[in-house]
file final.tsv (TSV, C-alpha atoms and all ligand atoms)
chain	number	residue	atom	x	y	z
Q	45	MET	CA	-53.72	-8.14	21.71
Q	46	MET	CA	-50.64	-5.93	21.70
Q	47	ARG	CA	-49.06	-5.68	18.26
Q	48	ASN	CA	-45.36	-6.49	17.98
Q	49	VAL	CA	-43.07	-3.94	16.34
Q	50	PHE	CA	-39.55	-5.01	15.43
Q	51	LEU	CA	-36.50	-2.75	15.25
Q	52	ALA	CA	-33.95	-3.44	12.52
Q	53	PRO	CA	-30.72	-1.41	12.72
Q	54	SER	CA	-29.15	-1.00	9.28
Q	55	LEU	CA	-25.49	-1.96	8.98
Q	56	LEU	CA	-25.14	0.69	6.29
Q	57	SER	CA	-24.42	3.06	9.17
Q	58	ALA	CA	-22.19	0.64	11.08
Q	59	ASP	CA	-18.42	1.07	11.24
Q	60	PHE	CA	-17.34	-0.71	8.03
Q	61	LEU	CA	-13.92	-1.44	9.53
Q	62	ASP	CA	-15.38	-2.84	12.72
Q	63	VAL	CA	-18.83	-4.20	12.07
Q	64	ARG	CA	-18.57	-6.63	14.98
Q	65	SER	CA	-18.13	-3.77	17.46
Q	66	SER	CA	-21.07	-1.96	15.90
Q	67	ILE	CA	-23.24	-5.06	16.36
Q	68	ALA	CA	-21.92	-5.52	19.91
Q	69	SER	CA	-22.92	-1.91	20.70
Q	70	LEU	CA	-26.57	-2.90	20.19
Q	71	LYS	CA	-26.28	-5.18	23.24
Q	72	GLY	CA	-29.07	-7.36	21.93
Q	73	GLN	CA	-31.64	-4.54	22.08
Q	74	HIS	CA	-32.40	-4.94	18.37
Q	75	ASP	CA	-34.72	-7.49	16.78
Q	76	TRP	CA	-33.28	-7.90	13.28
Q	77	LEU	CA	-30.12	-6.82	11.45
Q	78	HIS	CA	-30.85	-5.01	8.18
Q	79	VAL	CA	-28.27	-5.43	5.42
Q	80	ASP	CA	-28.38	-2.96	2.51
Q	81	VAL	CA	-26.94	-4.42	-0.67
Q	82	MET	CA	-26.27	-1.80	-3.37
Q	83	ASP	CA	-24.87	-2.32	-6.86
Q	84	GLY	CA	-23.96	1.17	-8.10
Q	85	CYS	CA	-26.59	0.73	-10.82
Q	86	PHE	CA	-30.05	0.46	-9.29
Q	87	VAL	CA	-28.84	2.98	-6.71
Q	88	PRO	CA	-25.88	5.36	-6.88
Q	89	ASN	CA	-23.81	3.60	-4.22
Q	90	ILE	CA	-22.05	0.26	-3.66
Q	91	THR	CA	-22.00	-1.71	-0.42
Q	92	PHE	CA	-21.99	-5.40	0.45
Q	93	GLY	CA	-21.98	-8.64	-1.55
Q	94	PRO	CA	-23.10	-12.19	-0.76
Q	95	GLY	CA	-19.75	-12.93	0.93
Q	96	PHE	CA	-20.54	-10.31	3.57
Q	97	VAL	CA	-23.97	-11.82	4.28
Q	98	SER	CA	-22.42	-15.26	4.48
Q	99	ALA	CA	-19.77	-14.05	6.95
Q	100	LEU	CA	-22.49	-12.45	9.08
Q	101	ARG	CA	-24.49	-15.67	9.06
Q	102	LYS	CA	-21.47	-17.70	10.18
Q	103	ARG	CA	-20.56	-15.29	12.95
Q	104	TYR	CA	-24.16	-14.67	14.12
Q	105	PRO	CA	-26.09	-17.91	13.55
Q	106	SER	CA	-29.17	-16.83	15.49
Q	107	GLU	CA	-29.54	-13.21	14.31
Q	108	VAL	CA	-32.46	-12.46	12.00
Q	109	LEU	CA	-30.70	-11.27	8.84
Q	110	ASP	CA	-32.94	-8.98	6.82
Q	111	VAL	CA	-31.25	-8.54	3.45
Q	112	HIS	CA	-32.44	-5.67	1.25
Q	113	LEU	CA	-31.24	-6.06	-2.33
Q	114	MET	CA	-31.03	-2.75	-4.15
Q	115	ILE	CA	-29.63	-4.31	-7.30
Q	116	GLU	CA	-30.72	-4.52	-10.94
Q	117	HIS	CA	-31.75	-7.97	-12.13
Q	118	PRO	CA	-31.51	-9.62	-8.71
Q	119	GLU	CA	-32.02	-13.02	-10.36
Q	120	ARG	CA	-28.36	-12.90	-11.47
Q	121	LEU	CA	-27.14	-13.04	-7.88
Q	122	LEU	CA	-30.12	-14.73	-6.29
Q	123	GLU	CA	-28.59	-18.14	-5.67
Q	124	ALA	CA	-25.44	-16.60	-4.18
Q	125	PHE	CA	-27.49	-14.52	-1.76
Q	126	LEU	CA	-29.71	-17.48	-0.89
Q	127	ASP	CA	-26.62	-19.63	-0.25
Q	128	ALA	CA	-25.45	-16.94	2.19
Q	129	GLY	CA	-28.34	-17.83	4.52
Q	130	PRO	CA	-30.53	-14.73	4.95
Q	131	ASP	CA	-33.79	-15.00	6.89
Q	132	TYR	CA	-35.52	-12.41	4.72
Q	133	LEU	CA	-34.43	-11.65	1.17
Q	134	THR	CA	-36.09	-8.59	-0.34
Q	135	VAL	CA	-36.00	-7.48	-3.98
Q	136	HIS	CA	-37.24	-4.25	-5.56
Q	137	ILE	CA	-40.29	-4.32	-7.77
Q	138	GLU	CA	-38.62	-1.70	-10.00
Q	139	ALA	CA	-35.51	-3.84	-10.55
Q	140	ASP	CA	-36.87	-7.15	-11.76
Q	141	PRO	CA	-39.22	-7.75	-14.71
Q	142	HIS	CA	-39.72	-11.35	-13.59
Q	143	ILE	CA	-40.24	-10.69	-9.92
Q	144	HIS	CA	-42.94	-13.37	-9.60
Q	145	ARG	CA	-40.34	-15.99	-10.47
Q	146	THR	CA	-37.74	-14.44	-8.17
Q	147	LEU	CA	-40.07	-14.36	-5.17
Q	148	SER	CA	-41.16	-17.96	-5.78
Q	149	ARG	CA	-37.54	-19.03	-5.90
Q	150	ILE	CA	-36.73	-17.30	-2.60
Q	151	ARG	CA	-39.50	-19.22	-0.85
Q	152	GLU	CA	-38.60	-22.44	-2.63
Q	153	ARG	CA	-35.11	-22.15	-1.13
Q	154	GLY	CA	-36.57	-21.77	2.35
Q	155	ALA	CA	-36.01	-18.06	2.91
Q	156	LYS	CA	-38.71	-15.48	3.56
Q	157	ALA	CA	-39.53	-13.43	0.48
Q	158	GLY	CA	-39.78	-9.64	0.54
Q	159	VAL	CA	-40.72	-7.07	-2.06
Q	160	SER	CA	-39.68	-3.43	-1.81
Q	161	ILE	CA	-41.10	-0.32	-3.39
Q	162	ASN	CA	-39.53	3.10	-4.00
Q	163	PRO	CA	-41.30	6.32	-2.96
Q	164	GLY	CA	-42.19	7.11	-6.60
Q	165	THR	CA	-43.80	3.76	-7.41
Q	166	PRO	CA	-47.55	3.27	-6.86
Q	167	GLU	CA	-48.38	0.51	-4.40
Q	168	GLU	CA	-51.11	-0.91	-6.67
Q	169	LEU	CA	-48.30	-2.62	-8.60
Q	170	LEU	CA	-47.70	-4.82	-5.56
Q	171	ARG	CA	-51.16	-6.32	-5.52
Q	172	PRO	CA	-50.52	-9.42	-7.65
Q	173	LEU	CA	-47.53	-10.25	-5.46
Q	174	LEU	CA	-49.14	-9.94	-2.04
Q	175	PRO	CA	-50.18	-13.60	-1.66
Q	176	MET	CA	-46.60	-14.71	-2.23
Q	177	VAL	CA	-44.59	-12.45	0.08
Q	178	ASP	CA	-43.67	-12.55	3.76
Q	179	LEU	CA	-42.62	-8.90	3.88
Q	180	VAL	CA	-43.33	-5.65	2.06
Q	181	LEU	CA	-40.60	-3.03	2.44
Q	182	VAL	CA	-41.89	0.49	1.90
Q	183	MET	CA	-39.03	2.89	1.13
Q	184	SER	CA	-39.47	6.21	2.89
Q	185	VAL	CA	-36.44	7.76	1.15
Q	186	ASN	CA	-35.03	7.27	-2.33
Q	187	PRO	CA	-32.64	4.41	-1.65
Q	188	GLY	CA	-28.88	4.72	-1.88
Q	189	PHE	CA	-27.73	6.51	1.24
Q	190	GLY	CA	-28.33	6.70	4.96
Q	191	GLY	CA	-29.23	9.91	6.74
Q	192	GLN	CA	-31.88	11.24	4.34
Q	193	SER	CA	-35.19	12.86	5.36
Q	194	PHE	CA	-38.36	10.81	5.79
Q	195	ILE	CA	-40.95	11.30	3.01
Q	196	PRO	CA	-44.29	11.42	4.91
Q	197	SER	CA	-46.56	10.68	1.92
Q	198	VAL	CA	-45.41	7.02	1.92
Q	199	MET	CA	-47.56	6.42	5.01
Q	200	GLU	CA	-50.52	6.14	2.63
Q	201	LYS	CA	-48.87	3.00	1.22
Q	202	THR	CA	-48.75	1.46	4.67
Q	203	LYS	CA	-52.46	2.11	5.07
Q	204	SER	CA	-53.26	0.42	1.75
Q	205	LEU	CA	-51.01	-2.53	2.59
Q	206	CYS	CA	-52.67	-3.05	5.99
Q	207	ARG	CA	-56.11	-2.83	4.41
Q	208	TRP	CA	-55.25	-5.30	1.65
Q	209	ARG	CA	-53.66	-7.68	4.14
Q	210	GLU	CA	-56.81	-7.81	6.19
Q	211	ALA	CA	-59.12	-8.12	3.21
Q	212	GLY	CA	-57.03	-10.85	1.57
Q	213	HIS	CA	-56.04	-12.70	4.77
Q	214	TYR	CA	-52.38	-12.31	3.82
Q	215	SER	CA	-49.59	-12.69	6.31
Q	216	TYR	CA	-46.82	-10.26	5.27
Q	217	VAL	CA	-45.26	-7.79	7.65
Q	218	VAL	CA	-44.93	-4.16	6.60
Q	219	GLU	CA	-41.44	-2.72	7.00
Q	220	MET	CA	-40.42	0.90	6.57
Q	221	ASP	CA	-36.92	2.07	5.69
Q	222	GLY	CA	-35.32	5.51	5.56
Q	223	GLY	CA	-35.31	8.63	7.68
Q	224	ILE	CA	-36.67	6.97	10.82
Q	225	GLY	CA	-35.51	8.15	14.25
Q	226	GLY	CA	-36.58	9.14	17.73
Q	227	GLY	CA	-38.90	11.87	16.46
Q	228	ASN	CA	-41.10	9.77	14.18
Q	229	ALA	CA	-40.67	6.05	15.06
Q	230	ALA	CA	-43.75	5.83	17.29
Q	231	GLU	CA	-45.95	7.60	14.76
Q	232	ILE	CA	-44.76	5.30	11.96
Q	233	ALA	CA	-45.45	2.23	14.08
Q	234	LEU	CA	-48.89	3.64	14.90
Q	235	GLY	CA	-49.50	4.06	11.19
Q	236	GLY	CA	-49.31	0.27	10.82
Q	237	CYS	CA	-45.63	-0.58	10.26
Q	238	ASP	CA	-44.42	-3.81	11.86
Q	239	VAL	CA	-40.68	-3.39	11.27
Q	240	LEU	CA	-38.72	-0.15	11.51
Q	241	VAL	CA	-35.32	0.04	9.83
Q	242	MET	CA	-32.98	2.62	11.32
Q	243	GLY	CA	-29.42	3.31	10.25
Q	244	SER	CA	-27.95	6.68	11.16
Q	245	ALA	CA	-30.29	7.19	14.13
Q	246	VAL	CA	-29.09	3.98	15.82
Q	247	PHE	CA	-25.40	3.97	15.00
Q	248	GLY	CA	-25.12	7.75	15.30
Q	249	ALA	CA	-26.51	7.60	18.85
Q	250	GLN	CA	-24.10	7.94	21.78
Q	251	ASP	CA	-25.41	4.69	23.15
Q	252	PRO	CA	-27.14	2.63	20.44
Q	253	ALA	CA	-28.51	0.07	22.93
Q	254	LEU	CA	-30.06	2.78	25.11
Q	255	PHE	CA	-31.48	4.48	22.03
Q	256	LEU	CA	-33.15	1.22	20.94
Q	257	ARG	CA	-34.59	0.70	24.42
Q	258	GLU	CA	-36.05	4.21	24.38
Q	259	ILE	CA	-37.58	3.72	20.94
Q	260	LYS	CA	-39.11	0.41	22.03
Q	261	LEU	CA	-40.70	2.09	25.02
Q	262	LYS	CA	-42.05	4.99	22.96
Q	263	VAL	CA	-43.51	2.59	20.39
Q	264	LYS	CA	-45.04	0.38	23.07
Q	265	GLU	CA	-46.65	3.32	24.84
Q	266	ALA	CA	-47.99	4.80	21.62
Q	267	ILE	CA	-49.58	1.49	20.62
Q	268	ALA	CA	-50.99	0.87	24.10
Q	269	HIS	CA	-52.68	4.29	24.14
Q	270	ALA	CA	-53.96	4.15	20.58
M	1	LIG	C1	-31.36	3.40	2.17
M	1	LIG	C2	-31.27	2.09	2.90
M	1	LIG	C3	-31.60	2.20	4.33
M	1	LIG	C4	-30.68	3.06	5.12
M	1	LIG	C5	-31.52	3.86	6.07
M	1	LIG	O1	-31.06	3.21	0.85
M	1	LIG	O2	-32.13	1.13	2.30
M	1	LIG	O3	-31.73	0.92	4.95
M	1	LIG	O4	-29.73	2.35	5.86
M	1	LIG	O5	-30.72	4.77	6.70
M	1	LIG	P1	-31.32	5.91	7.64
M	1	LIG	O6	-32.02	5.23	8.75
M	1	LIG	O7	-30.09	6.64	8.07
M	1	LIG	O8	-32.24	6.73	6.79
M	2	ZN	ZN	-32.59	-0.83	3.49
call {"tool": "encode", "arguments": {"input": "final.tsv", "output": "structure tokens"}}
result
Amino acid sequence: MMRNVFLAPSLLSADFLDVRSSIASLKGQHDWLHVDVMDGCFVPNITFGPGFVSALRKRYPSEVLDVHLMIEHPERLLEAFLDAGPDYLTVHIEADPHIHRTLSRIRERGAKAGVSINPGTPEELLRPLLPMVDLVLVMSVNPGFGGQSFIPSVMEKTKSLCRWREAGHYSYVVEMDGGIGGGNAAEIALGGCDVLVMGSAVFGAQDPALFLREIKLKVKEAIAHA
């Protein structure tokens, strides 16, 4: 059976003064919308709060909102982000000493739970959490900014995660985030990733919708010929 790969444009690279036009420029060629929440502490940048996610949810009731929390102690803001109505809510393993509790709470509130891991963190740390997550987000740049270069060594993490998923009969999807574009998307999908986040490549394209269509085709062909 043909494997599905989802494309998730990151609003970090959208026009902050006209996010609705940025979303409209995708012309429905995307699968999810990725929302990068940064606190100026876990990462050296500040972006959106729960009010932004809530406004997105109201305006786009049927979009899949994939919310990536790059914040220290996510439990402090967890209820506010859950109230905002994300589909996926992802927290960093490096940011939360009680991540088991946080992930349980996300599922308890009816959202899908994700755990993310920085390039410098070994994936073995994820193992106790794998039965309780719907998504594992592998960072392929050090988070904080769009437009950075892809770190190829993180593909090893994808391999481990696919292997562990099969062996443990888990059901999470593997998402990759950072430095993905036309030159490497197909290869990353071939490496086992189910969801590709793309910020600058999508919103920096002349025609974001056309760009997404081209990526989809490339990914589909690569998987079909694998
Ligand atoms: C990085 C963010 C990414 C970012 C990716 O901290 O988590 O989601 O938007 O941007 P690009 O695709 O430009 O590397
Ligand atoms: Zn992200």
call {"tool": "closest_residue", "arguments": {"input": "final.tsv", "among": "Q:Ser54, Q:Ser148, Q:Asn186, Q:Ser215", "to": "ligand ZN 2 (chain M)", "atoms": "all atoms listed in the file"}}
result
Q:Ser54
call {"tool": "closest_atom_pairs", "arguments": {"input": "final.tsv", "of": "chain Q", "to": "ligand LIG 1 (chain M)", "cutoff": "7 Å", "atoms": "all atoms listed in the file", "output": "Markdown table"}}
result
| residue | atom | partner | partner_atom | distance |
| --- | --- | --- | --- | --- |
| Q:Ser54 | CA | M:LIG1 | O4 | 4.8 |
| Q:Leu55 | CA | M:LIG1 | O4 | 6.8 |
| Q:Leu56 | CA | M:LIG1 | O4 | 4.9 |
| Q:Ser57 | CA | M:LIG1 | O4 | 6.3 |
| Q:His78 | CA | M:LIG1 | O3 | 6.8 |
| Q:Asp80 | CA | M:LIG1 | O2 | 5.6 |
| Q:His112 | CA | M:LIG1 | O2 | 6.9 |
| Q:Val185 | CA | M:LIG1 | C1 | 6.8 |
| Q:Asn186 | CA | M:LIG1 | O1 | 6.5 |
| Q:Pro187 | CA | M:LIG1 | O1 | 3.2 |
| Q:Gly188 | CA | M:LIG1 | O1 | 3.8 |
| Q:Phe189 | CA | M:LIG1 | O1 | 4.7 |
| Q:Gly190 | CA | M:LIG1 | O5 | 3.5 |
| Q:Gly191 | CA | M:LIG1 | O7 | 3.6 |
| Q:Gln192 | CA | M:LIG1 | O8 | 5.1 |
| Q:Ser193 | CA | M:LIG1 | O8 | 7.0 |
| Q:Asp221 | CA | M:LIG1 | O3 | 5.4 |
| Q:Gly222 | CA | M:LIG1 | O8 | 3.5 |
| Q:Gly223 | CA | M:LIG1 | O8 | 3.7 |
| Q:Ile224 | CA | M:LIG1 | O6 | 5.4 |
| Q:Val241 | CA | M:LIG1 | O3 | 6.1 |
| Q:Met242 | CA | M:LIG1 | O6 | 3.8 |
| Q:Gly243 | CA | M:LIG1 | O6 | 3.6 |
| Q:Ser244 | CA | M:LIG1 | O7 | 3.8 |
| Q:Ala245 | CA | M:LIG1 | O6 | 6.0 |
call {"tool": "residues_around", "arguments": {"input": "final.tsv", "residues": "Leu173 in chain Q", "least_positions_apart": "2", "cutoff": "9 Å", "atoms": "all atoms listed in the file", "output": "list of chain:residue names"}}
result
Q:Ile143, Q:His144, Q:Leu147, Q:Val159, Q:Leu169, Q:Leu170, Q:Arg171, Q:Pro175, Q:Met176, Q:Val177
call {"tool": "atom_distance", "arguments": {"input": "final.tsv", "atom1": "CA of Tyr132 in chain Q", "atom2": "CA of Ile150 in chain Q"}}
result
8.9 Å
call {"tool": "residues_around", "arguments": {"input": "final.tsv", "residues": "range 247-258 of chain Q", "least_positions_apart": "5", "cutoff": "9 Å", "atoms": "all atoms listed in the file", "output": "list in words"}}
result
Leu51, Pro53, Ser54, Leu55, Ser57, Ala58, Asp59, Ser66, Ser69, Leu70, Lys71, Gly72, Gln73, His74, Gly226, Met242 and Val263 of chain Q
call {"tool": "residues_around", "arguments": {"input": "final.tsv", "residues": "Val97 in chain Q", "least_positions_apart": "3", "cutoff": "12 Å", "atoms": "only C-alpha atoms", "output": "ChimeraX atom specification"}}
result
/Q:55,77-81,91-94,100-105,107-113,124-133
call {"tool": "closest_residue", "arguments": {"input": "final.tsv", "among": "Q:Arg47, Q:His136, Q:Lys156, Q:Lys262", "to": "ligand ZN 2 (chain M)", "atoms": "only C-alpha atoms and all ligand atoms"}}
result
Q:His136
call {"tool": "decode", "arguments": {"input": "final.tsv", "residues": "range 74-175 of chain Q", "atoms": "C-alpha atoms", "output": "PDB file, in the first residue's frame"}}
result
ATOM      1  CA  HIS Q  74      -1.270  21.681   2.137  1.00  0.00           C
ATOM      2  CA  ASP Q  75      -2.325  18.966   4.575  1.00  0.00           C
ATOM      3  CA  TRP Q  76      -1.683  20.565   7.976  1.00  0.00           C
ATOM      4  CA  LEU Q  77      -0.819  24.027   9.271  1.00  0.00           C
ATOM      5  CA  HIS Q  78       2.247  24.044  11.535  1.00  0.00           C
ATOM      6  CA  VAL Q  79       2.292  26.674  14.281  1.00  0.00           C
ATOM      7  CA  ASP Q  80       5.645  27.411  15.956  1.00  0.00           C
ATOM      8  CA  VAL Q  81       5.219  28.725  19.477  1.00  0.00           C
ATOM      9  CA  MET Q  82       8.426  30.239  20.925  1.00  0.00           C
ATOM     10  CA  ASP Q  83       8.972  31.768  24.354  1.00  0.00           C
ATOM     11  CA  GLY Q  84      12.311  33.595  24.112  1.00  0.00           C
ATOM     12  CA  CYS Q  85      13.653  31.182  26.737  1.00  0.00           C
ATOM     13  CA  PHE Q  86      13.694  27.630  25.381  1.00  0.00           C
ATOM     14  CA  VAL Q  87      14.612  29.187  22.034  1.00  0.00           C
ATOM     15  CA  PRO Q  88      16.031  32.632  21.291  1.00  0.00           C
ATOM     16  CA  ASN Q  89      12.915  33.980  19.583  1.00  0.00           C
ATOM     17  CA  ILE Q  90       9.295  34.835  20.438  1.00  0.00           C
ATOM     18  CA  THR Q  91       6.280  34.132  18.254  1.00  0.00           C
ATOM     19  CA  PHE Q  92       2.665  33.186  18.922  1.00  0.00           C
ATOM     20  CA  GLY Q  93       0.572  32.595  22.048  1.00  0.00           C
ATOM     21  CA  PRO Q  94      -2.596  30.596  22.731  1.00  0.00           C
ATOM     22  CA  GLY Q  95      -4.757  33.511  21.525  1.00  0.00           C
ATOM     23  CA  PHE Q  96      -3.268  33.148  18.054  1.00  0.00           C
ATOM     24  CA  VAL Q  97      -4.010  29.410  17.942  1.00  0.00           C
ATOM     25  CA  SER Q  98      -7.529  30.064  19.155  1.00  0.00           C
ATOM     26  CA  ALA Q  99      -8.086  32.701  16.449  1.00  0.00           C
ATOM     27  CA  LEU Q 100      -6.813  30.267  13.815  1.00  0.00           C
ATOM     28  CA  ARG Q 101      -9.142  27.566  15.089  1.00  0.00           C
ATOM     29  CA  LYS Q 102     -12.150  29.910  14.917  1.00  0.00           C
ATOM     30  CA  ARG Q 103     -11.328  31.119  11.434  1.00  0.00           C
ATOM     31  CA  TYR Q 104     -10.322  27.686  10.056  1.00  0.00           C
ATOM     32  CA  PRO Q 105     -12.476  25.094  11.835  1.00  0.00           C
ATOM     33  CA  SER Q 106     -11.494  22.207   9.573  1.00  0.00           C
ATOM     34  CA  GLU Q 107      -7.738  22.816   9.214  1.00  0.00           C
ATOM     35  CA  VAL Q 108      -5.434  20.374  10.978  1.00  0.00           C
ATOM     36  CA  LEU Q 109      -3.591  22.630  13.426  1.00  0.00           C
ATOM     37  CA  ASP Q 110      -0.210  21.187  14.333  1.00  0.00           C
ATOM     38  CA  VAL Q 111       1.063  23.224  17.274  1.00  0.00           C
ATOM     39  CA  HIS Q 112       4.763  22.943  18.127  1.00  0.00           C
ATOM     40  CA  LEU Q 113       5.509  24.322  21.590  1.00  0.00           C
ATOM     41  CA  MET Q 114       9.098  25.475  21.939  1.00  0.00           C
ATOM     42  CA  ILE Q 115       8.585  26.731  25.471  1.00  0.00           C
ATOM     43  CA  GLU Q 116      10.100  25.939  28.872  1.00  0.00           C
ATOM     44  CA  HIS Q 117       7.765  24.219  31.319  1.00  0.00           C
ATOM     45  CA  PRO Q 118       4.914  23.763  28.852  1.00  0.00           C
ATOM     46  CA  GLU Q 119       2.675  22.599  31.712  1.00  0.00           C
ATOM     47  CA  ARG Q 120       2.280  26.265  32.738  1.00  0.00           C
ATOM     48  CA  LEU Q 121       0.451  27.097  29.530  1.00  0.00           C
ATOM     49  CA  LEU Q 122      -0.902  23.681  28.694  1.00  0.00           C
ATOM     50  CA  GLU Q 123      -4.558  24.289  29.515  1.00  0.00           C
ATOM     51  CA  ALA Q 124      -4.577  27.576  27.578  1.00  0.00           C
ATOM     52  CA  PHE Q 125      -3.155  25.877  24.500  1.00  0.00           C
ATOM     53  CA  LEU Q 126      -5.550  22.946  24.847  1.00  0.00           C
ATOM     54  CA  ASP Q 127      -8.484  25.368  25.166  1.00  0.00           C
ATOM     55  CA  ALA Q 128      -7.354  26.927  21.872  1.00  0.00           C
ATOM     56  CA  GLY Q 129      -8.315  23.718  20.052  1.00  0.00           C
ATOM     57  CA  PRO Q 130      -5.189  22.307  18.379  1.00  0.00           C
ATOM     58  CA  ASP Q 131      -5.350  18.924  16.650  1.00  0.00           C
ATOM     59  CA  TYR Q 132      -1.769  18.052  17.581  1.00  0.00           C
ATOM     60  CA  LEU Q 133       0.006  19.595  20.552  1.00  0.00           C
ATOM     61  CA  THR Q 134       3.721  18.857  20.693  1.00  0.00           C
ATOM     62  CA  VAL Q 135       6.103  19.523  23.587  1.00  0.00           C
ATOM     63  CA  HIS Q 136       9.893  19.230  23.720  1.00  0.00           C
ATOM     64  CA  ILE Q 137      11.466  16.455  25.724  1.00  0.00           C
ATOM     65  CA  GLU Q 138      14.232  18.891  26.760  1.00  0.00           C
ATOM     66  CA  ALA Q 139      11.760  21.438  28.167  1.00  0.00           C
ATOM     67  CA  ASP Q 140       9.648  19.430  30.568  1.00  0.00           C
ATOM     68  CA  PRO Q 141      10.865  17.275  33.478  1.00  0.00           C
ATOM     69  CA  HIS Q 142       7.364  15.833  33.877  1.00  0.00           C
ATOM     70  CA  ILE Q 143       6.648  15.166  30.242  1.00  0.00           C
ATOM     71  CA  HIS Q 144       4.842  11.890  30.967  1.00  0.00           C
ATOM     72  CA  ARG Q 145       2.202  13.850  32.859  1.00  0.00           C
ATOM     73  CA  THR Q 146       2.012  16.541  30.176  1.00  0.00           C
ATOM     74  CA  LEU Q 147       1.510  14.042  27.349  1.00  0.00           C
ATOM     75  CA  SER Q 148      -1.165  12.181  29.333  1.00  0.00           C
ATOM     76  CA  ARG Q 149      -2.985  15.436  29.925  1.00  0.00           C
ATOM     77  CA  ILE Q 150      -2.946  16.351  26.223  1.00  0.00           C
ATOM     78  CA  ARG Q 151      -4.628  13.064  25.337  1.00  0.00           C
ATOM     79  CA  GLU Q 152      -7.009  13.319  28.270  1.00  0.00           C
ATOM     80  CA  ARG Q 153      -8.217  16.632  26.841  1.00  0.00           C
ATOM     81  CA  GLY Q 154      -8.868  15.004  23.467  1.00  0.00           C
ATOM     82  CA  ALA Q 155      -5.945  16.392  21.483  1.00  0.00           C
ATOM     83  CA  LYS Q 156      -3.227  14.338  19.820  1.00  0.00           C
ATOM     84  CA  ALA Q 157      -0.007  14.296  21.806  1.00  0.00           C
ATOM     85  CA  GLY Q 158       3.389  14.956  20.237  1.00  0.00           C
ATOM     86  CA  VAL Q 159       6.911  14.893  21.586  1.00  0.00           C
ATOM     87  CA  SER Q 160       9.774  16.741  19.915  1.00  0.00           C
ATOM     88  CA  ILE Q 161      13.504  16.252  20.103  1.00  0.00           C
ATOM     89  CA  ASN Q 162      16.375  18.641  19.324  1.00  0.00           C
ATOM     90  CA  PRO Q 163      19.271  17.604  17.061  1.00  0.00           C
ATOM     91  CA  GLY Q 164      21.612  17.253  20.059  1.00  0.00           C
ATOM     92  CA  THR Q 165      19.368  14.965  22.113  1.00  0.00           C
ATOM     93  CA  PRO Q 166      19.671  11.170  21.743  1.00  0.00           C
ATOM     94  CA  GLU Q 167      16.477   9.492  20.574  1.00  0.00           C
ATOM     95  CA  GLU Q 168      16.802   6.710  23.175  1.00  0.00           C
ATOM     96  CA  LEU Q 169      15.332   9.185  25.677  1.00  0.00           C
ATOM     97  CA  LEU Q 170      12.044   8.983  23.776  1.00  0.00           C
ATOM     98  CA  ARG Q 171      11.575   5.267  24.279  1.00  0.00           C
ATOM     99  CA  PRO Q 172       9.504   5.332  27.485  1.00  0.00           C
ATOM    100  CA  LEU Q 173       7.154   7.839  25.858  1.00  0.00           C
ATOM    101  CA  LEU Q 174       6.502   6.054  22.571  1.00  0.00           C
ATOM    102  CA  PRO Q 175       3.374   4.141  23.667  1.00  0.00           C
TER     103      PRO Q 175
END
